[in-house]
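Note: the block below is work_16.cif and it holds mmCIF, C-alpha atoms.
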```cif
data_input
#
loop_
_atom_site.label_atom_id
_atom_site.label_comp_id
_atom_site.auth_asym_id
_atom_site.auth_seq_id
_atom_site.Cartn_x
_atom_site.Cartn_y
_atom_site.Cartn_z
CA MET A 1358 0.95 -36.31 -46.49
CA THR A 1359 2.96 -33.17 -47.12
CA THR A 1360 2.08 -30.11 -45.07
CA GLU A 1361 2.12 -26.87 -47.00
CA ARG A 1362 2.85 -23.82 -44.88
CA ARG A 1363 1.92 -20.39 -46.14
CA GLU A 1364 2.79 -17.17 -44.38
CA PRO A 1365 -0.07 -14.69 -44.23
CA ASP A 1366 -0.38 -11.97 -46.83
CA GLN A 1367 1.79 -9.07 -45.72
CA THR A 1368 -0.95 -6.56 -46.48
CA ALA A 1369 -3.93 -8.47 -45.10
CA GLY A 1370 -6.44 -6.82 -42.81
CA GLU A 1371 -6.32 -7.51 -39.10
CA ARG A 1372 -8.63 -10.52 -38.98
CA ALA A 1373 -7.09 -12.18 -42.04
CA MET A 1374 -3.64 -11.52 -40.57
CA LEU A 1375 -4.52 -13.09 -37.20
CA GLU A 1376 -6.22 -16.08 -38.82
CA GLY A 1377 -3.33 -16.43 -41.25
CA TRP A 1378 -0.69 -16.55 -38.53
CA LEU A 1379 -2.76 -19.01 -36.50
CA GLU A 1380 -3.07 -21.28 -39.54
CA TYR A 1381 0.66 -20.95 -40.23
CA HIS A 1382 1.49 -22.10 -36.72
CA ARG A 1383 -1.01 -24.96 -36.89
CA GLN A 1384 0.66 -26.05 -40.14
CA THR A 1385 4.11 -25.73 -38.56
CA LEU A 1386 3.23 -28.19 -35.80
CA ALA A 1387 1.85 -30.65 -38.36
CA TRP A 1388 5.03 -30.24 -40.43
CA LYS A 1389 7.23 -30.97 -37.42
CA CYS A 1390 5.39 -34.29 -36.96
CA GLU A 1391 5.46 -35.31 -40.62
CA GLY A 1392 7.15 -38.54 -41.69
CA LEU A 1393 7.63 -40.00 -38.22
CA THR A 1394 6.39 -43.28 -36.79
CA ASP A 1395 4.03 -43.49 -33.84
CA GLU A 1396 6.97 -44.62 -31.71
CA GLN A 1397 9.01 -41.56 -32.74
CA LEU A 1398 6.05 -39.24 -32.15
CA ARG A 1399 5.67 -40.67 -28.63
CA THR A 1400 9.41 -40.22 -27.88
CA PRO A 1401 9.89 -37.80 -24.98
CA SER A 1402 12.26 -34.89 -25.41
CA VAL A 1403 14.75 -35.36 -22.58
CA PRO A 1404 14.16 -37.31 -19.36
CA PRO A 1405 12.57 -36.63 -16.96
CA SER A 1406 10.31 -34.58 -19.27
CA GLU A 1407 7.41 -36.44 -20.90
CA LEU A 1408 7.08 -33.79 -23.62
CA SER A 1409 6.70 -35.41 -27.05
CA LEU A 1410 5.44 -34.39 -30.47
CA MET A 1411 2.29 -36.49 -30.11
CA GLY A 1412 1.77 -35.05 -26.65
CA LEU A 1413 2.05 -31.52 -28.07
CA VAL A 1414 -0.57 -32.31 -30.73
CA ARG A 1415 -2.90 -33.76 -28.09
CA HIS A 1416 -2.27 -30.70 -25.90
CA MET A 1417 -3.13 -28.35 -28.76
CA ALA A 1418 -6.36 -30.29 -29.38
CA GLU A 1419 -7.23 -29.58 -25.74
CA VAL A 1420 -6.24 -25.92 -26.10
CA GLU A 1421 -8.29 -25.47 -29.30
CA ARG A 1422 -11.27 -27.07 -27.52
CA GLY A 1423 -10.84 -24.96 -24.41
CA TRP A 1424 -10.60 -21.57 -26.11
CA PHE A 1425 -12.87 -21.95 -29.12
CA ARG A 1426 -15.56 -24.13 -27.54
CA LYS A 1427 -15.61 -23.64 -23.78
CA VAL A 1428 -14.57 -19.99 -23.68
CA LEU A 1429 -15.70 -18.52 -27.00
CA VAL A 1430 -19.14 -20.12 -27.37
CA GLY A 1431 -19.75 -21.36 -23.83
CA ASP A 1432 -19.93 -25.04 -24.83
CA ASP A 1433 -18.17 -27.36 -22.39
CA PRO A 1434 -17.90 -30.86 -23.81
CA GLY A 1435 -15.25 -31.72 -21.23
CA PRO A 1436 -11.60 -32.59 -21.74
CA ILE A 1437 -10.36 -35.05 -24.34
CA TYR A 1438 -7.23 -36.47 -22.72
CA TYR A 1439 -6.80 -35.03 -19.24
CA THR A 1440 -8.82 -35.59 -16.10
CA GLU A 1441 -9.09 -33.83 -12.76
CA GLU A 1442 -6.80 -36.55 -11.37
CA ASP A 1443 -4.32 -36.26 -14.27
CA ARG A 1444 -4.22 -32.62 -15.39
CA ASP A 1445 -1.40 -33.42 -17.87
CA GLY A 1446 -3.04 -36.53 -19.32
CA GLU A 1447 -2.45 -35.43 -22.90
CA PHE A 1448 1.28 -35.86 -22.31
CA HIS A 1449 1.02 -39.28 -20.64
CA LEU A 1450 1.24 -41.56 -23.65
CA THR A 1451 1.15 -45.32 -23.96
CA GLU A 1452 1.88 -47.62 -26.89
CA ALA A 1453 -1.87 -47.69 -27.55
CA ASP A 1454 -1.85 -43.98 -28.45
CA THR A 1455 -1.60 -43.39 -32.19
CA TRP A 1456 -0.81 -40.51 -34.50
CA GLN A 1457 -3.92 -41.30 -36.52
CA GLU A 1458 -6.18 -40.72 -33.51
CA ALA A 1459 -4.26 -37.71 -32.15
CA HIS A 1460 -4.10 -36.00 -35.55
CA ALA A 1461 -7.77 -36.67 -36.35
CA THR A 1462 -8.86 -35.33 -32.96
CA TRP A 1463 -6.68 -32.22 -33.32
CA GLN A 1464 -7.98 -31.53 -36.84
CA ALA A 1465 -11.61 -31.96 -35.69
CA GLU A 1466 -11.03 -29.40 -32.93
CA ILE A 1467 -9.43 -27.01 -35.42
CA GLU A 1468 -12.45 -27.31 -37.74
CA THR A 1469 -14.80 -26.65 -34.83
CA ALA A 1470 -12.65 -23.66 -33.83
CA ARG A 1471 -12.90 -22.19 -37.33
CA ARG A 1472 -16.68 -22.63 -37.43
CA ASN A 1473 -17.17 -21.12 -33.99
CA ALA A 1474 -14.88 -18.14 -34.65
CA ALA A 1475 -16.68 -17.39 -37.93
CA GLY A 1476 -19.73 -16.33 -35.90
CA PHE A 1477 -17.84 -13.60 -34.02
CA GLU A 1478 -16.25 -10.27 -34.84
CA LEU A 1479 -12.81 -9.52 -33.38
CA ASP A 1480 -14.24 -7.23 -30.69
CA ASP A 1481 -17.07 -9.60 -29.72
CA LEU A 1482 -16.76 -11.02 -26.24
CA SER A 1483 -16.86 -14.70 -25.46
CA ARG A 1484 -19.98 -16.33 -24.07
CA GLY A 1485 -17.94 -18.44 -21.67
CA LYS A 1486 -15.02 -17.85 -19.37
CA SER A 1487 -11.73 -19.61 -18.82
CA ARG A 1488 -10.78 -21.61 -15.77
CA PHE A 1489 -8.10 -18.96 -15.12
CA ARG A 1490 -10.14 -15.74 -15.28
CA ASP A 1491 -13.76 -15.08 -14.49
CA GLU A 1492 -14.33 -12.62 -17.31
CA PRO A 1493 -15.02 -12.79 -21.04
CA PHE A 1494 -12.36 -12.52 -23.75
CA SER A 1495 -12.52 -10.86 -27.15
CA LEU A 1496 -11.99 -13.05 -30.20
CA ARG A 1497 -8.95 -10.85 -30.95
CA TRP A 1498 -7.44 -11.80 -27.57
CA ILE A 1499 -8.16 -15.50 -28.17
CA TYR A 1500 -6.55 -15.40 -31.62
CA THR A 1501 -3.48 -13.62 -30.23
CA HIS A 1502 -3.21 -16.06 -27.35
CA MET A 1503 -3.53 -19.07 -29.68
CA ILE A 1504 -0.75 -17.72 -31.92
CA GLU A 1505 1.45 -17.34 -28.83
CA GLU A 1506 0.54 -20.84 -27.61
CA TYR A 1507 1.40 -22.47 -30.93
CA ALA A 1508 4.58 -20.42 -31.40
CA ARG A 1509 5.86 -21.46 -27.96
CA HIS A 1510 5.09 -25.12 -28.51
CA ASN A 1511 6.49 -25.05 -32.03
CA GLY A 1512 9.80 -24.08 -30.44
CA HIS A 1513 9.52 -27.19 -28.29
CA ALA A 1514 8.62 -29.21 -31.40
CA ASP A 1515 11.77 -27.95 -33.18
CA LEU A 1516 13.99 -29.29 -30.41
CA ILE A 1517 12.13 -32.59 -30.07
CA ARG A 1518 12.23 -33.23 -33.82
CA GLU A 1519 15.93 -32.46 -33.99
CA ARG A 1520 16.57 -34.93 -31.18
CA ILE A 1521 14.56 -37.66 -32.94
CA ASP A 1522 16.11 -37.55 -36.40
CA GLY A 1523 18.27 -34.46 -36.71
CA ALA A 1524 15.73 -32.57 -38.85
CA THR A 1525 15.79 -28.83 -38.35
CA GLY A 1526 13.93 -26.00 -39.96
CA ASP A 1527 12.27 -22.68 -39.34
#
```
Written as structure tokens, that's how I'd like the structure from this file.
Amino acid sequence: MTTERREPDQTAGERAMLEGWLEYHRQTLAWKCEGLTDEQLRTPSVPPSELSLMGLVRHMAEVERGWFRKVLVGDDPGPIYYTEEDRDGEFHLTEADTWQEAHATWQAEIETARRNAAGFELDDLSRGKSRFRDEPFSLRWIYTHMIEEYARHNGHADLIRERIDGATGD
């Protein structure tokens, strides 16, 4: 699989621009994971950190679910990888954890996010609330936050990938 990244159209309207940059950052994380084995994808960055590429993908599946399901539409299917006892469960990997499962779960959450967002205008407020703030969020805010979340973690992914096999890139 080869991930194709496309920057958003430089003259796009606001919604297309926000959606374009979110897609670009989703594609960047997939690209950073491309061509690696499950073992490499589970490799932590630098001890004592448990941060790994597979852990980042699992984390972003949780983040997609949280913002586009729980917050935006008020649907709370519960967490995928973490528990109340292990709030960072998505980062606690074992040899049983596979890229195939993590990637499929992440992509399913992205598809759900796209469908849910399609029913809202940028200024529409969410039906649910986050665990951090007891107030609704506009879709614009959620898009902006998701771009920030991916951009930050893509920086982590750059460093992890370079440590694994020396690959660097924008």
- Task: For the structure shown, which residues end up in the PyMOL selection byres ((chain A and resi 1477) around 12)? Put them as a VMD selection string, please?
- Result: chain A and resid 1372 1425 1429 to 1430 1470 to 1476 1478 to 1484 1494 to 1497 1499 to 1500
Take the residues from that selection and put them in a file with C-alpha atoms, as a PDB file, in the frame of the given file.
```pdb
ATOM      1  CA  ARG A1372      -8.630 -10.520 -38.980  1.00  0.00           C
ATOM      2  CA  PHE A1425     -12.870 -21.950 -29.120  1.00  0.00           C
ATOM      3  CA  LEU A1429     -15.700 -18.520 -27.000  1.00  0.00           C
ATOM      4  CA  VAL A1430     -19.140 -20.120 -27.370  1.00  0.00           C
ATOM      5  CA  ALA A1470     -12.650 -23.660 -33.830  1.00  0.00           C
ATOM      6  CA  ARG A1471     -12.900 -22.190 -37.330  1.00  0.00           C
ATOM      7  CA  ARG A1472     -16.680 -22.630 -37.430  1.00  0.00           C
ATOM      8  CA  ASN A1473     -17.170 -21.120 -33.990  1.00  0.00           C
ATOM      9  CA  ALA A1474     -14.880 -18.140 -34.650  1.00  0.00           C
ATOM     10  CA  ALA A1475     -16.680 -17.390 -37.930  1.00  0.00           C
ATOM     11  CA  GLY A1476     -19.730 -16.330 -35.900  1.00  0.00           C
ATOM     12  CA  GLU A1478     -16.250 -10.270 -34.840  1.00  0.00           C
ATOM     13  CA  LEU A1479     -12.810  -9.520 -33.380  1.00  0.00           C
ATOM     14  CA  ASP A1480     -14.240  -7.230 -30.690  1.00  0.00           C
ATOM     15  CA  ASP A1481     -17.070  -9.600 -29.720  1.00  0.00           C
ATOM     16  CA  LEU A1482     -16.760 -11.020 -26.240  1.00  0.00           C
ATOM     17  CA  SER A1483     -16.860 -14.700 -25.460  1.00  0.00           C
ATOM     18  CA  ARG A1484     -19.980 -16.330 -24.070  1.00  0.00           C
ATOM     19  CA  PHE A1494     -12.360 -12.520 -23.750  1.00  0.00           C
ATOM     20  CA  SER A1495     -12.520 -10.860 -27.150  1.00  0.00           C
ATOM     21  CA  LEU A1496     -11.990 -13.050 -30.200  1.00  0.00           C
ATOM     22  CA  ARG A1497      -8.950 -10.850 -30.950  1.00  0.00           C
ATOM     23  CA  ILE A1499      -8.160 -15.500 -28.170  1.00  0.00           C
ATOM     24  CA  TYR A1500      -6.550 -15.400 -31.620  1.00  0.00           C
TER      25      TYR A1500
END
```
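Proximity to Arg1488 of chain A was assessed for A:Glu1380, A:Asp1445, A:Glu1468, A:Asp1433 counting all atoms listed in the file; the smallest distance is recorded for A:Asp1433.
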- Task: Please provide the set of residues having any atom within 8 Å of segment 1516-1522 of chain A, restricted to only C-alpha atoms, with same-chain residues fewer than 5 positions apart removed, written as number ranges by chain.
- Result: A: 1389-1390, 1397, 1400-1402, 1409-1410
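As for atom CA of Met1411 of chain A and atom CA of Met1503 of chain A, they are spaced 18.4 Å apart.
Computed from the coordinates, the atom CA of Gly1423 of chain A to atom CA of Thr1394 of chain A distance equals 28.0 Å.
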- Message: Using all atoms listed in the file, which protein or nucleic acid residues come within 8 Å of Phe1448 of chain A? Drop anything in the same chain fewer than 4 positions from it, and give the result as a PyMOL selection string.
- Response: chain A and resi 1407-1409+1411-1413+1415-1416
Specify as a PDB file with C-alpha atoms, in the coordinates of the input each residue included when the PyMOL selection byres ((chain A and resi 1418) around 9) is applied to this file.
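The result, stored in selection_36.pdb:
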```pdb
ATOM      1  CA  LEU A1413       2.050 -31.520 -28.070  1.00  0.00           C
ATOM      2  CA  VAL A1414      -0.570 -32.310 -30.730  1.00  0.00           C
ATOM      3  CA  ARG A1415      -2.900 -33.760 -28.090  1.00  0.00           C
ATOM      4  CA  HIS A1416      -2.270 -30.700 -25.900  1.00  0.00           C
ATOM      5  CA  MET A1417      -3.130 -28.350 -28.760  1.00  0.00           C
ATOM      6  CA  GLU A1419      -7.230 -29.580 -25.740  1.00  0.00           C
ATOM      7  CA  VAL A1420      -6.240 -25.920 -26.100  1.00  0.00           C
ATOM      8  CA  GLU A1421      -8.290 -25.470 -29.300  1.00  0.00           C
ATOM      9  CA  ARG A1422     -11.270 -27.070 -27.520  1.00  0.00           C
ATOM     10  CA  GLY A1423     -10.840 -24.960 -24.410  1.00  0.00           C
ATOM     11  CA  ILE A1437     -10.360 -35.050 -24.340  1.00  0.00           C
ATOM     12  CA  ALA A1459      -4.260 -37.710 -32.150  1.00  0.00           C
ATOM     13  CA  HIS A1460      -4.100 -36.000 -35.550  1.00  0.00           C
ATOM     14  CA  THR A1462      -8.860 -35.330 -32.960  1.00  0.00           C
ATOM     15  CA  TRP A1463      -6.680 -32.220 -33.320  1.00  0.00           C
ATOM     16  CA  GLN A1464      -7.980 -31.530 -36.840  1.00  0.00           C
ATOM     17  CA  ALA A1465     -11.610 -31.960 -35.690  1.00  0.00           C
ATOM     18  CA  GLU A1466     -11.030 -29.400 -32.930  1.00  0.00           C
ATOM     19  CA  ILE A1467      -9.430 -27.010 -35.420  1.00  0.00           C
TER      20      ILE A1467
END
```
- Write out as an NGL selection string the residues lying within 9 Å of Glu1361 of chain A, counting only C-alpha atoms and excluding same-chain residues fewer than 2 positions away. :A and (1359 or 1363 or 1384-1385 or 1388)
Could the residues in this selection be written to a file with C-alpha atoms, as a compact mmCIF listing (two decimals), keeping the file's coordinate frame?
```txt
# COMPACT_ATOMS: atom_id res chain seq x y z
CA THR A 1359 2.96 -33.17 -47.12
CA ARG A 1363 1.92 -20.39 -46.14
CA GLN A 1384 0.66 -26.05 -40.14
CA THR A 1385 4.11 -25.73 -38.56
CA TRP A 1388 5.03 -30.24 -40.43
```
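Taking all atoms listed in the file into account, the residues near (-0.3, -14.3, -44.3), no farther than 12 Å, are Arg1362, Arg1363, Glu1364, Pro1365, Asp1366, Gln1367, Thr1368, Ala1369, Gly1370, Glu1371, Arg1372, Ala1373, Met1374, Leu1375, Glu1376, Gly1377, Trp1378, Leu1379, Glu1380, Tyr1381 and His1382 of chain A.
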- Which value, in Å to one decimal, gives the distance between atom CA of His1510 of chain A and atom CA of Pro1434 of chain A?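 Distance reported for this atom pair: 24.2 Å.
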